[in-house]
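Asks: Input structure: query_31.csv, which contains CSV, C-alpha atoms.
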chain,number,residue,atom,x,y,z
A,1132,MET,CA,-6.5,6.2,25.7
A,1133,GLU,CA,-5.7,9.9,26.2
A,1134,ASN,CA,-6.9,12.4,23.6
A,1135,MET,CA,-4.1,13.1,21.2
A,1136,GLU,CA,-4.8,16.9,21.5
A,1137,THR,CA,-3.3,16.7,25.0
A,1138,VAL,CA,0.0,15.5,23.6
A,1139,LYS,CA,2.8,18.0,23.7
A,1140,LEU,CA,4.0,19.0,20.2
A,1141,SER,CA,7.6,18.1,21.2
A,1142,ILE,CA,6.5,14.4,21.2
A,1143,ASN,CA,5.7,12.5,18.0
A,1144,PRO,CA,2.0,11.8,18.5
A,1145,GLU,CA,2.2,8.2,17.1
A,1146,GLU,CA,4.7,7.4,19.9
A,1147,VAL,CA,2.2,7.8,22.8
A,1148,GLY,CA,-0.7,5.7,21.6
A,1149,ALA,CA,-2.2,2.7,23.4
A,1150,TYR,CA,-1.6,0.3,20.5
A,1151,THR,CA,1.3,-2.1,19.7
A,1152,GLU,CA,4.4,0.0,19.7
A,1153,GLY,CA,2.2,3.1,20.0
A,1154,ASP,CA,0.5,3.1,16.6
A,1155,ILE,CA,0.4,-0.4,15.0
A,1156,ILE,CA,-2.8,-2.4,14.8
A,1157,GLU,CA,-1.6,-6.0,14.6
A,1158,THR,CA,-3.7,-9.1,13.6
A,1159,PRO,CA,-2.9,-12.7,14.5
A,1160,LYS,CA,-2.4,-13.6,10.8
A,1161,MET,CA,0.4,-11.1,10.3
A,1162,PHE,CA,3.8,-12.7,9.6
A,1163,THR,CA,5.8,-9.9,11.1
A,1164,LYS,CA,9.5,-9.3,10.6
A,1165,ASN,CA,11.3,-6.1,11.4
A,1166,GLY,CA,11.6,-3.9,8.4
A,1167,VAL,CA,9.1,-5.4,6.0
A,1168,ILE,CA,6.7,-8.3,5.9
A,1169,SER,CA,5.8,-11.2,3.7
A,1170,LYS,CA,5.1,-10.6,0.0
A,1171,ASN,CA,1.5,-11.5,0.6
A,1172,TYR,CA,1.1,-8.3,2.5
A,1173,ARG,CA,2.6,-6.0,-0.2
A,1174,TRP,CA,0.5,-3.9,-2.5
A,1175,PRO,CA,0.6,-5.4,-6.0
A,1176,TYR,CA,2.6,-3.2,-8.3
A,1177,GLY,CA,3.1,-0.7,-5.5
A,1178,VAL,CA,-0.4,0.7,-6.1
A,1179,VAL,CA,-2.4,1.6,-3.0
A,1180,PRO,CA,-6.0,2.6,-3.6
A,1181,TYR,CA,-7.4,5.1,-1.0
A,1182,GLU,CA,-10.5,6.7,0.2
A,1183,ILE,CA,-10.5,9.8,2.4
A,1184,ASN,CA,-13.3,9.8,5.0
A,1185,GLY,CA,-14.1,12.0,8.0
A,1186,SER,CA,-14.1,15.8,8.3
A,1187,PHE,CA,-10.6,16.8,7.2
A,1188,ASN,CA,-10.2,20.5,6.6
A,1189,HIS,CA,-8.3,22.0,3.7
A,1190,HIS,CA,-5.0,22.1,5.5
A,1191,ASP,CA,-5.3,18.4,6.6
A,1192,LEU,CA,-6.0,17.3,3.0
A,1193,GLU,CA,-3.0,19.3,1.8
A,1194,ILE,CA,-0.8,17.5,4.3
A,1195,ILE,CA,-2.1,14.1,3.2
A,1196,LEU,CA,-1.7,14.8,-0.5
A,1197,TYR,CA,1.8,16.2,0.1
A,1198,ALA,CA,2.7,12.9,1.9
A,1199,PHE,CA,1.4,11.0,-1.1
A,1200,LEU,CA,3.5,13.2,-3.4
A,1201,ASN,CA,6.7,12.4,-1.4
A,1202,PHE,CA,6.2,8.8,-2.3
A,1203,HIS,CA,5.4,9.5,-5.9
A,1204,MET,CA,8.4,11.7,-6.4
A,1205,LYS,CA,11.0,9.4,-4.8
A,1206,THR,CA,9.6,5.8,-5.3
A,1207,CYS,CA,7.5,3.8,-7.7
A,1208,VAL,CA,4.7,3.5,-5.1
A,1209,ARG,CA,1.5,5.2,-6.1
A,1210,PHE,CA,-1.5,6.2,-3.9
A,1211,VAL,CA,-4.5,6.4,-6.2
A,1212,PRO,CA,-8.1,7.3,-5.5
A,1213,ARG,CA,-10.2,4.1,-5.2
A,1214,ARG,CA,-12.5,3.1,-8.0
A,1215,SER,CA,-15.6,1.2,-6.9
A,1216,ASN,CA,-14.3,-2.2,-8.2
A,1217,GLU,CA,-11.1,-2.3,-6.1
A,1218,THR,CA,-11.4,-4.7,-3.2
A,1219,ASP,CA,-8.3,-3.9,-1.3
A,1220,TYR,CA,-7.8,-0.3,-0.3
A,1221,ILE,CA,-7.1,2.0,2.6
A,1222,SER,CA,-9.7,4.3,4.2
A,1223,ILE,CA,-8.2,7.4,5.8
A,1224,ASN,CA,-10.1,8.6,8.9
A,1225,ASN,CA,-9.7,11.2,11.6
A,1226,GLU,CA,-11.5,9.7,14.6
A,1227,LYS,CA,-10.4,10.9,18.1
A,1228,SER,CA,-8.3,7.8,18.6
A,1229,GLY,CA,-4.8,9.0,17.6
A,1230,CYS,CA,-2.5,8.1,14.8
A,1231,TRP,CA,-2.4,4.4,13.8
A,1232,SER,CA,-2.3,1.9,11.0
A,1233,TYR,CA,-2.2,-1.7,10.1
A,1234,VAL,CA,1.1,-2.9,8.6
A,1235,GLY,CA,1.0,-3.9,5.0
A,1236,ARG,CA,-1.9,-4.9,2.8
A,1237,GLN,CA,-4.5,-6.7,5.0
A,1238,GLY,CA,-7.2,-7.4,2.3
A,1239,GLY,CA,-10.5,-5.6,1.9
A,1240,LYS,CA,-11.2,-2.2,3.5
A,1241,GLN,CA,-8.2,-1.2,5.7
A,1242,ASN,CA,-8.5,1.7,8.1
A,1243,ILE,CA,-5.7,4.2,8.9
A,1244,ASN,CA,-6.4,7.0,11.3
A,1245,LEU,CA,-4.9,10.5,11.3
A,1246,GLU,CA,-6.6,12.4,14.1
A,1247,SER,CA,-6.9,16.1,13.2
A,1248,PRO,CA,-5.1,18.3,14.0
A,1249,ILE,CA,-2.4,16.5,16.1
A,1250,CYS,CA,-1.5,13.9,13.5
A,1251,LEU,CA,-1.4,16.4,10.6
A,1252,ILE,CA,0.6,19.3,12.0
A,1253,ASN,CA,3.3,18.4,9.5
A,1254,PRO,CA,3.6,15.6,6.9
A,1255,GLY,CA,5.9,13.5,9.0
A,1256,THR,CA,3.3,11.6,10.9
A,1257,ALA,CA,1.3,11.0,7.8
A,1258,LEU,CA,4.5,9.7,6.1
A,1259,HIS,CA,5.2,7.5,9.1
A,1260,GLU,CA,1.7,5.9,9.1
A,1261,LEU,CA,1.8,5.4,5.3
A,1262,MET,CA,5.1,3.6,5.7
A,1263,HIS,CA,3.3,1.2,8.0
A,1264,VAL,CA,0.6,0.8,5.3
A,1265,LEU,CA,3.4,-0.2,2.8
A,1266,GLY,CA,4.7,-2.8,5.2
A,1267,PHE,CA,7.3,-1.3,7.4
A,1268,PHE,CA,7.8,-1.6,11.2
A,1269,HIS,CA,9.7,0.7,13.5
A,1270,GLU,CA,13.4,1.1,13.0
A,1271,GLN,CA,14.5,0.8,16.7
A,1272,ASN,CA,12.9,-2.7,16.9
A,1273,ARG,CA,15.2,-4.2,14.2
A,1274,GLN,CA,16.9,-7.4,15.1
A,1275,GLU,CA,20.3,-5.7,15.2
A,1276,ARG,CA,19.3,-2.6,17.0
A,1277,ASP,CA,21.4,-3.3,20.1
A,1278,ASP,CA,24.5,-2.6,18.0
A,1279,PHE,CA,23.2,0.9,17.5
A,1280,VAL,CA,21.1,2.0,20.4
A,1281,GLU,CA,20.7,1.3,24.1
A,1282,ILE,CA,17.2,1.0,25.6
A,1283,GLN,CA,16.9,2.7,29.0
A,1284,TYR,CA,14.2,0.5,30.5
A,1285,GLU,CA,14.2,2.4,33.8
A,1286,ASN,CA,12.9,5.5,32.0
A,1287,ILE,CA,10.0,3.7,30.2
A,1288,ARG,CA,6.5,4.2,31.5
A,1289,GLU,CA,5.4,1.1,33.5
A,1290,GLY,CA,3.7,-1.5,31.4
A,1291,LEU,CA,5.0,-0.1,28.0
A,1292,GLU,CA,8.3,-2.0,27.9
A,1293,ASN,CA,6.9,-4.3,25.2
A,1294,ASN,CA,6.9,-1.3,22.8
A,1295,PHE,CA,10.7,-1.6,22.8
A,1296,LYS,CA,10.8,-5.3,22.2
A,1297,ARG,CA,13.4,-6.3,19.6
A,1298,ARG,CA,11.9,-8.3,16.8
A,1299,SER,CA,13.4,-11.7,16.2
A,1300,ARG,CA,13.7,-11.4,12.4
A,1301,THR,CA,14.9,-8.6,10.2
A,1302,ALA,CA,14.1,-8.2,6.5
A,1303,ALA,CA,15.5,-4.9,5.6
A,1304,PHE,CA,16.8,-5.6,2.1
A,1305,ASN,CA,20.4,-5.0,3.3
A,1306,VAL,CA,19.6,-1.4,4.1
A,1307,PRO,CA,21.6,-0.5,7.2
A,1308,TYR,CA,20.3,0.8,10.5
A,1309,ASP,CA,19.0,4.3,10.0
A,1310,TYR,CA,18.9,6.7,13.0
A,1311,SER,CA,17.3,9.3,10.7
A,1312,SER,CA,14.5,7.0,9.5
A,1313,ILE,CA,11.0,8.4,9.7
A,1314,MET,CA,10.2,5.1,11.3
A,1315,HIS,CA,12.5,5.6,14.3
A,1316,TYR,CA,11.2,6.6,17.7
A,1317,SER,CA,12.5,9.8,19.3
A,1318,SER,CA,14.9,9.5,22.2
A,1319,THR,CA,12.2,10.1,24.8
A,1320,ALA,CA,9.4,8.0,23.4
A,1321,PHE,CA,7.2,6.6,26.2
A,1322,SER,CA,9.3,8.2,28.9
A,1323,HIS,CA,7.8,8.6,32.4
A,1324,ASN,CA,10.3,11.2,33.5
A,1325,GLY,CA,11.4,13.1,30.5
A,1326,GLN,CA,14.7,11.2,30.4
A,1327,PRO,CA,15.8,9.3,27.3
A,1328,THR,CA,14.4,5.8,26.6
A,1329,ILE,CA,16.7,5.3,23.6
A,1330,VAL,CA,20.3,6.4,23.5
A,1331,ALA,CA,22.3,6.2,20.3
A,1332,LYS,CA,25.7,4.5,20.5
A,1333,GLN,CA,26.9,7.2,18.2
A,1334,PRO,CA,26.0,10.2,20.3
A,1335,GLU,CA,25.8,12.7,17.4
A,1336,PHE,CA,22.6,10.9,16.3
A,1337,ASN,CA,20.6,11.3,19.5
A,1338,TYR,CA,19.0,14.5,18.2
A,1339,ILE,CA,18.2,13.0,14.8
A,1340,MET,CA,16.2,10.0,16.0
A,1341,GLY,CA,12.5,10.6,15.7
A,1342,GLN,CA,12.6,13.2,12.9
A,1343,ARG,CA,9.3,13.7,11.2
A,1344,TYR,CA,10.2,16.0,8.4
A,1345,ALA,CA,10.8,13.7,5.4
A,1346,LEU,CA,11.6,10.2,4.3
A,1347,SER,CA,15.3,9.6,4.8
A,1348,SER,CA,17.5,8.5,1.9
A,1349,LEU,CA,17.6,5.0,3.4
A,1350,ASP,CA,13.8,4.9,3.8
A,1351,ILE,CA,13.5,5.7,0.1
A,1352,LEU,CA,16.0,3.0,-0.7
A,1353,LYS,CA,14.2,0.4,1.4
A,1354,ILE,CA,10.8,1.2,-0.3
A,1355,ASN,CA,12.4,1.0,-3.7
A,1356,ARG,CA,13.9,-2.4,-3.0
A,1357,MET,CA,10.8,-3.8,-1.3
A,1358,TYR,CA,8.7,-2.8,-4.3
A,1359,ASN,CA,11.3,-3.6,-6.9
A,1360,CYS,CA,11.2,-0.1,-8.3
A,1361,TYR,CA,14.4,-0.8,-10.4
A,1362,GLY,CA,12.8,-3.7,-12.2
A,1363,ASP,CA,15.8,-6.1,-12.0
A,1364,LEU,CA,16.7,-5.6,-8.3
A,1365,ARG,CA,17.7,-8.5,-6.2
A,1366,SER,CA,17.3,-7.7,-2.5
A,1367,ASP,CA,20.2,-9.8,-1.3
A,1368,ASP,CA,23.1,-8.6,-3.5
A,1369,LYS,CA,23.4,-4.9,-2.9
A,1370,GLU,CA,24.7,-3.0,0.1
A,1371,VAL,CA,25.0,0.7,0.9
A,1372,LYS,CA,27.0,2.7,3.3
A,1373,PRO,CA,25.3,3.0,6.7
A,1374,ILE,CA,24.7,6.5,8.0
A,1375,GLY,CA,27.5,7.3,10.4
A,1376,SER,CA,29.7,4.6,9.1
A,1377,THR,CA,33.3,5.2,8.0
A,1378,SER,CA,33.5,2.1,5.9
A,1379,ALA,CA,33.1,2.2,2.1
A,1380,PRO,CA,30.1,0.8,0.3
A,1381,THR,CA,30.4,-2.8,-0.7
A,1382,SER,CA,28.8,-2.2,-4.1
A,1383,LYS,CA,28.1,0.6,-6.5
A,1384,PRO,CA,25.3,3.0,-5.4
A,1385,LEU,CA,21.9,2.7,-7.1
Could you rewrite the structure in this file as structure tokens?

Replies:
Amino acid sequence: MENMETVKLSINPEEVGAYTEGDIIETPKMFTKNGVISKNYRWPYGVVPYEINGSFNHHDLEIILYAFLNFHMKTCVRFVPRRSNETDYISINNEKSGCWSYVGRQGGKQNINLESPICLINPGTALHELMHVLGFFHEQNRQERDDFVEIQYENIREGLENNFKRRSRTAAFNVPYDYSSIMHYSSTAFSHNGQPTIVAKQPEFNYIMGQRYALSSLDILKINRMYNCYGDLRSDDKEVKPIGSTSAPTSKPL
């Protein structure tokens, strides 16, 4: 695959990789849905042990630790340095192979790659890959995505159309479609001509898609529901107001 250092900064680096949907390493055993995956692939108690390997510089490490802090401040998920007796953990590397991750807890040592410097220019890409680690897929591949975006297949690079395949099942904990999710592709992801490959049906959101600045409010809500951060949460009995919707919430906010 092309070296990530050749990728223009206007493109999210994880959107141009040669892996599934750009940055996902999939295994045959994975029971994939759209937003989250089977409980077997969640990290017990929301605790993710990690090791940092490779030759990250001080700036790179600050970005990774800042990404951890975002989860710690807004969710009950915790990324903690691995002790020697922890079997399941992530190993963070910076090989010249782009930005990629497995989705959810795989068991044993689990690699995640953040090629330096392109994947660590700002925290957004690290947050995106760590969301994969927690068990989240890409937002624009949700089952109901056709109600919110139109895929412009004529603008997609030949052979990469599968990156936009809509998943057949959605498990998003009743969190609505989120144009501003850190898991959403940008509008020109995998474009062969610079023209949009994804067009929002609410045009005002075309420039929000693909943001890599911070977890969105709905990203945070989905994490907290998936990992039961509220203790007594039932995932099927709470709704929130979708971004861009004019309808009222169907229940009290959390």

Asks: Please compute the CA of Val1330 (chain A)-CA of Val1280 (chain A) distance, one decimal, in Å.

Replies: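 The value is 5.4 Å.
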
Asks: Report as a list in words all protein, DNA and RNA residues lying within 12 Å of region 1200-1203 of chain A, evaluated on only C-alpha atoms, omitting residues in the same chain fewer than 5 positions from it.

Replies: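 Once the adjacent positions are removed, what remains is Gly1177, Val1178, Val1179, Glu1193, Ile1194, Ile1195, Val1208, Arg1209, Phe1210, Val1211, Pro1254, Gly1255, Ala1257, Leu1258, His1259, Leu1261, Met1262, Leu1265, Tyr1344, Ala1345, Leu1346, Ser1347, Ser1348, Asp1350, Ile1351, Leu1352, Ile1354, Asn1355 and Cys1360 of chain A.
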
Asks: Taking C-alpha atoms for each residue, export the selection above as a compact mmCIF listing (two decimals), keeping the file's coordinate frame.

Replies:
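This is the output file result_7.txt:
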# COMPACT_ATOMS: atom_id res chain seq x y z
CA GLY A 1177 3.10 -0.70 -5.50
CA VAL A 1178 -0.40 0.70 -6.10
CA VAL A 1179 -2.40 1.60 -3.00
CA GLU A 1193 -3.00 19.30 1.80
CA ILE A 1194 -0.80 17.50 4.30
CA ILE A 1195 -2.10 14.10 3.20
CA VAL A 1208 4.70 3.50 -5.10
CA ARG A 1209 1.50 5.20 -6.10
CA PHE A 1210 -1.50 6.20 -3.90
CA VAL A 1211 -4.50 6.40 -6.20
CA PRO A 1254 3.60 15.60 6.90
CA GLY A 1255 5.90 13.50 9.00
CA ALA A 1257 1.30 11.00 7.80
CA LEU A 1258 4.50 9.70 6.10
CA HIS A 1259 5.20 7.50 9.10
CA LEU A 1261 1.80 5.40 5.30
CA MET A 1262 5.10 3.60 5.70
CA LEU A 1265 3.40 -0.20 2.80
CA TYR A 1344 10.20 16.00 8.40
CA ALA A 1345 10.80 13.70 5.40
CA LEU A 1346 11.60 10.20 4.30
CA SER A 1347 15.30 9.60 4.80
CA SER A 1348 17.50 8.50 1.90
CA ASP A 1350 13.80 4.90 3.80
CA ILE A 1351 13.50 5.70 0.10
CA LEU A 1352 16.00 3.00 -0.70
CA ILE A 1354 10.80 1.20 -0.30
CA ASN A 1355 12.40 1.00 -3.70
CA CYS A 1360 11.20 -0.10 -8.30

Asks: Just how far from CA of Pro1327 (chain A) is CA of Glu1289 (chain A), in Å to one decimal?

Replies: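 Straight-line distance from CA of Glu1289 (chain A) to CA of Pro1327 (chain A) works out to 14.6 Å.
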
Asks: Which residue out of A:Trp1174, A:Glu1270, A:Arg1343, A:Val1306 has the minimum interatomic distance to Ala1198 (chain A) when all atoms listed in the file are used?

Replies: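 Checking each of A:Trp1174, A:Glu1270, A:Arg1343, A:Val1306 against Ala1198 (chain A), counting all atoms listed in the file, the winner is A:Arg1343.
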
Asks: I'd like the contact shell of Gln1326 (chain A) - 8 Å cut-off, all atoms listed in the file, skipping same-chain residues fewer than 4 positions apart - returned as a CSV table (one decimal) with C-alpha atoms, keeping the file's coordinate frame.

Replies:
chain,number,residue,atom,x,y,z
A,1286,ASN,CA,12.9,5.5,32.0
A,1319,THR,CA,12.2,10.1,24.8
A,1322,SER,CA,9.3,8.2,28.9

Asks: Let me make sure I understand: among A:Lys1296, A:Glu1281, A:Tyr1172, A:Asn1359, which one has the smallest atom-to-atom distance to Gly1239 (chain A) if we use all atoms listed in the file?

Replies: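 Ranked by minimum distance to Gly1239 (chain A), first place goes to A:Tyr1172.
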
Asks: Would you kindly identify which residues have an atom no farther than 8 Å from (8.3, 5.4, 12.1), using only C-alpha atoms and the file's own coordinates, and write them out as an MDAnalysis selection string?

Replies: chainID A and resid 1259:1260 1262:1263 1268:1270 1312:1316 1341

Asks: Do you have the CA of Tyr1358 (chain A)-CA of Asn1143 (chain A) distance handy?

Replies: 27.2 Å

Asks: Identify which of the residues A:Pro1212, A:Lys1170, A:Glu1246, A:Ile1142 lies closest to Glu1182 (chain A), counting only C-alpha atoms when measuring atom-to-atom distances.

Replies: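 Ranking A:Pro1212, A:Lys1170, A:Glu1246, A:Ile1142 by distance to Glu1182 (chain A), first place goes to A:Pro1212.
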
Asks: Select, counting all atoms listed in the file, all protein, DNA and RNA residues no farther than 6 Å from (3.4, -5.5, 3.5) in file coordinates, and express the selection as a ChimeraX atom specification.

Replies: /A:1168,1172-1173,1235-1236,1265-1266

Asks: Calculated over only C-alpha atoms, which of the candidates A:Thr1328, A:Asn1242, A:Ser1317, A:Asn1225 has the smallest distance to Tyr1284 (chain A)?

Replies: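 Looking only at the distances to Tyr1284 (chain A), the closest residue turns out to be A:Thr1328.
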
Asks: Using all atoms listed in the file, which residue out of A:Arg1300, A:His1190, A:His1323, A:Lys1227 lies closest to Gln1283 (chain A)?

Replies: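 Using all atoms listed in the file, Gln1283 (chain A) sits closest to A:His1323.
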
Asks: Which is closest to His1189 (chain A) among A:Asn1294, A:Ser1247, A:Thr1256, A:Asn1272, if we use only C-alpha atoms?

Replies: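 The answer is A:Ser1247, which sits nearest to His1189 (chain A).
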
Asks: How would region 1162-1198 of chain A look with N, CA and C atoms restored, written as a tab-separated table (two decimals), in the coordinates of the input?

Replies:
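Writing done, so here's selection.tsv:
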chain	number	residue	atom	x	y	z
A	1162	PHE	N	2.47	-12.06	9.47
A	1162	PHE	CA	3.80	-12.70	9.60
A	1162	PHE	C	4.80	-11.54	9.69
A	1163	THR	N	5.05	-11.14	10.91
A	1163	THR	CA	5.80	-9.90	11.10
A	1163	THR	C	7.31	-10.20	11.14
A	1164	LYS	N	8.03	-9.31	10.48
A	1164	LYS	CA	9.50	-9.30	10.60
A	1164	LYS	C	9.82	-7.93	11.19
A	1165	ASN	N	10.96	-7.35	10.82
A	1165	ASN	CA	11.30	-6.10	11.40
A	1165	ASN	C	11.09	-4.93	10.45
A	1166	GLY	N	11.71	-5.01	9.29
A	1166	GLY	CA	11.60	-3.90	8.40
A	1166	GLY	C	10.46	-4.01	7.43
A	1167	VAL	N	10.22	-5.19	6.92
A	1167	VAL	CA	9.10	-5.40	6.00
A	1167	VAL	C	8.46	-6.71	6.29
A	1168	ILE	N	7.38	-7.02	5.60
A	1168	ILE	CA	6.70	-8.30	5.90
A	1168	ILE	C	6.53	-9.08	4.61
A	1169	SER	N	5.92	-10.25	4.75
A	1169	SER	CA	5.80	-11.20	3.70
A	1169	SER	C	5.22	-10.57	2.40
A	1170	LYS	N	5.60	-11.12	1.26
A	1170	LYS	CA	5.10	-10.60	0.00
A	1170	LYS	C	3.60	-10.61	-0.10
A	1171	ASN	N	2.96	-11.50	0.63
A	1171	ASN	CA	1.50	-11.50	0.60
A	1171	ASN	C	0.87	-10.26	1.13
A	1172	TYR	N	1.65	-9.48	1.88
A	1172	TYR	CA	1.10	-8.30	2.50
A	1172	TYR	C	1.60	-7.00	1.76
A	1173	ARG	N	2.23	-7.18	0.61
A	1173	ARG	CA	2.60	-6.00	-0.20
A	1173	ARG	C	1.53	-5.64	-1.15
A	1174	TRP	N	1.50	-4.40	-1.54
A	1174	TRP	CA	0.50	-3.90	-2.50
A	1174	TRP	C	0.94	-4.23	-3.89
A	1175	PRO	N	0.14	-4.98	-4.66
A	1175	PRO	CA	0.60	-5.40	-6.00
A	1175	PRO	C	0.94	-4.18	-6.86
A	1176	TYR	N	2.11	-4.28	-7.47
A	1176	TYR	CA	2.60	-3.20	-8.30
A	1176	TYR	C	2.86	-1.92	-7.62
A	1177	GLY	N	2.85	-1.96	-6.28
A	1177	GLY	CA	3.10	-0.70	-5.50
A	1177	GLY	C	1.94	0.26	-5.59
A	1178	VAL	N	0.74	-0.18	-5.96
A	1178	VAL	CA	-0.40	0.70	-6.10
A	1178	VAL	C	-1.33	0.53	-4.89
A	1179	VAL	N	-1.58	1.64	-4.18
A	1179	VAL	CA	-2.40	1.60	-3.00
A	1179	VAL	C	-3.66	2.48	-3.23
A	1180	PRO	N	-4.81	1.87	-3.50
A	1180	PRO	CA	-6.00	2.60	-3.60
A	1180	PRO	C	-6.45	3.22	-2.27
A	1181	TYR	N	-7.00	4.43	-2.29
A	1181	TYR	CA	-7.40	5.10	-1.00
A	1181	TYR	C	-8.73	5.77	-1.14
A	1182	GLU	N	-9.39	5.87	0.01
A	1182	GLU	CA	-10.50	6.70	0.20
A	1182	GLU	C	-10.25	7.66	1.36
A	1183	ILE	N	-10.69	8.88	1.29
A	1183	ILE	CA	-10.50	9.80	2.40
A	1183	ILE	C	-11.93	10.04	3.00
A	1184	ASN	N	-12.08	9.67	4.27
A	1184	ASN	CA	-13.30	9.80	5.00
A	1184	ASN	C	-13.16	10.79	6.15
A	1185	GLY	N	-14.24	11.12	6.82
A	1185	GLY	CA	-14.10	12.00	8.00
A	1185	GLY	C	-14.19	13.47	7.56
A	1186	SER	N	-13.98	14.33	8.52
A	1186	SER	CA	-14.10	15.80	8.30
A	1186	SER	C	-12.80	16.49	8.29
A	1187	PHE	N	-11.94	16.10	7.39
A	1187	PHE	CA	-10.60	16.80	7.20
A	1187	PHE	C	-10.87	18.17	6.66
A	1188	ASN	N	-10.13	19.16	7.17
A	1188	ASN	CA	-10.20	20.50	6.60
A	1188	ASN	C	-9.20	20.63	5.44
A	1189	HIS	N	-9.15	21.79	4.84
A	1189	HIS	CA	-8.30	22.00	3.70
A	1189	HIS	C	-6.83	21.76	4.00
A	1190	HIS	N	-6.37	22.25	5.15
A	1190	HIS	CA	-5.00	22.10	5.50
A	1190	HIS	C	-4.66	20.59	5.72
A	1191	ASP	N	-5.56	19.86	6.40
A	1191	ASP	CA	-5.30	18.40	6.60
A	1191	ASP	C	-5.17	17.70	5.27
A	1192	LEU	N	-6.06	18.00	4.34
A	1192	LEU	CA	-6.00	17.30	3.00
A	1192	LEU	C	-4.73	17.68	2.29
A	1193	GLU	N	-4.28	18.91	2.41
A	1193	GLU	CA	-3.00	19.30	1.80
A	1193	GLU	C	-1.85	18.49	2.33
A	1194	ILE	N	-1.85	18.27	3.65
A	1194	ILE	CA	-0.80	17.50	4.30
A	1194	ILE	C	-0.81	16.05	3.78
A	1195	ILE	N	-1.99	15.45	3.72
A	1195	ILE	CA	-2.10	14.10	3.20
A	1195	ILE	C	-1.65	13.94	1.79
A	1196	LEU	N	-2.10	14.85	0.95
A	1196	LEU	CA	-1.70	14.80	-0.50
A	1196	LEU	C	-0.23	15.09	-0.65
A	1197	TYR	N	0.33	15.95	0.19
A	1197	TYR	CA	1.80	16.20	0.10
A	1197	TYR	C	2.54	14.93	0.52
A	1198	ALA	N	2.03	14.20	1.51
A	1198	ALA	CA	2.70	12.90	1.90
A	1198	ALA	C	2.64	11.96	0.73
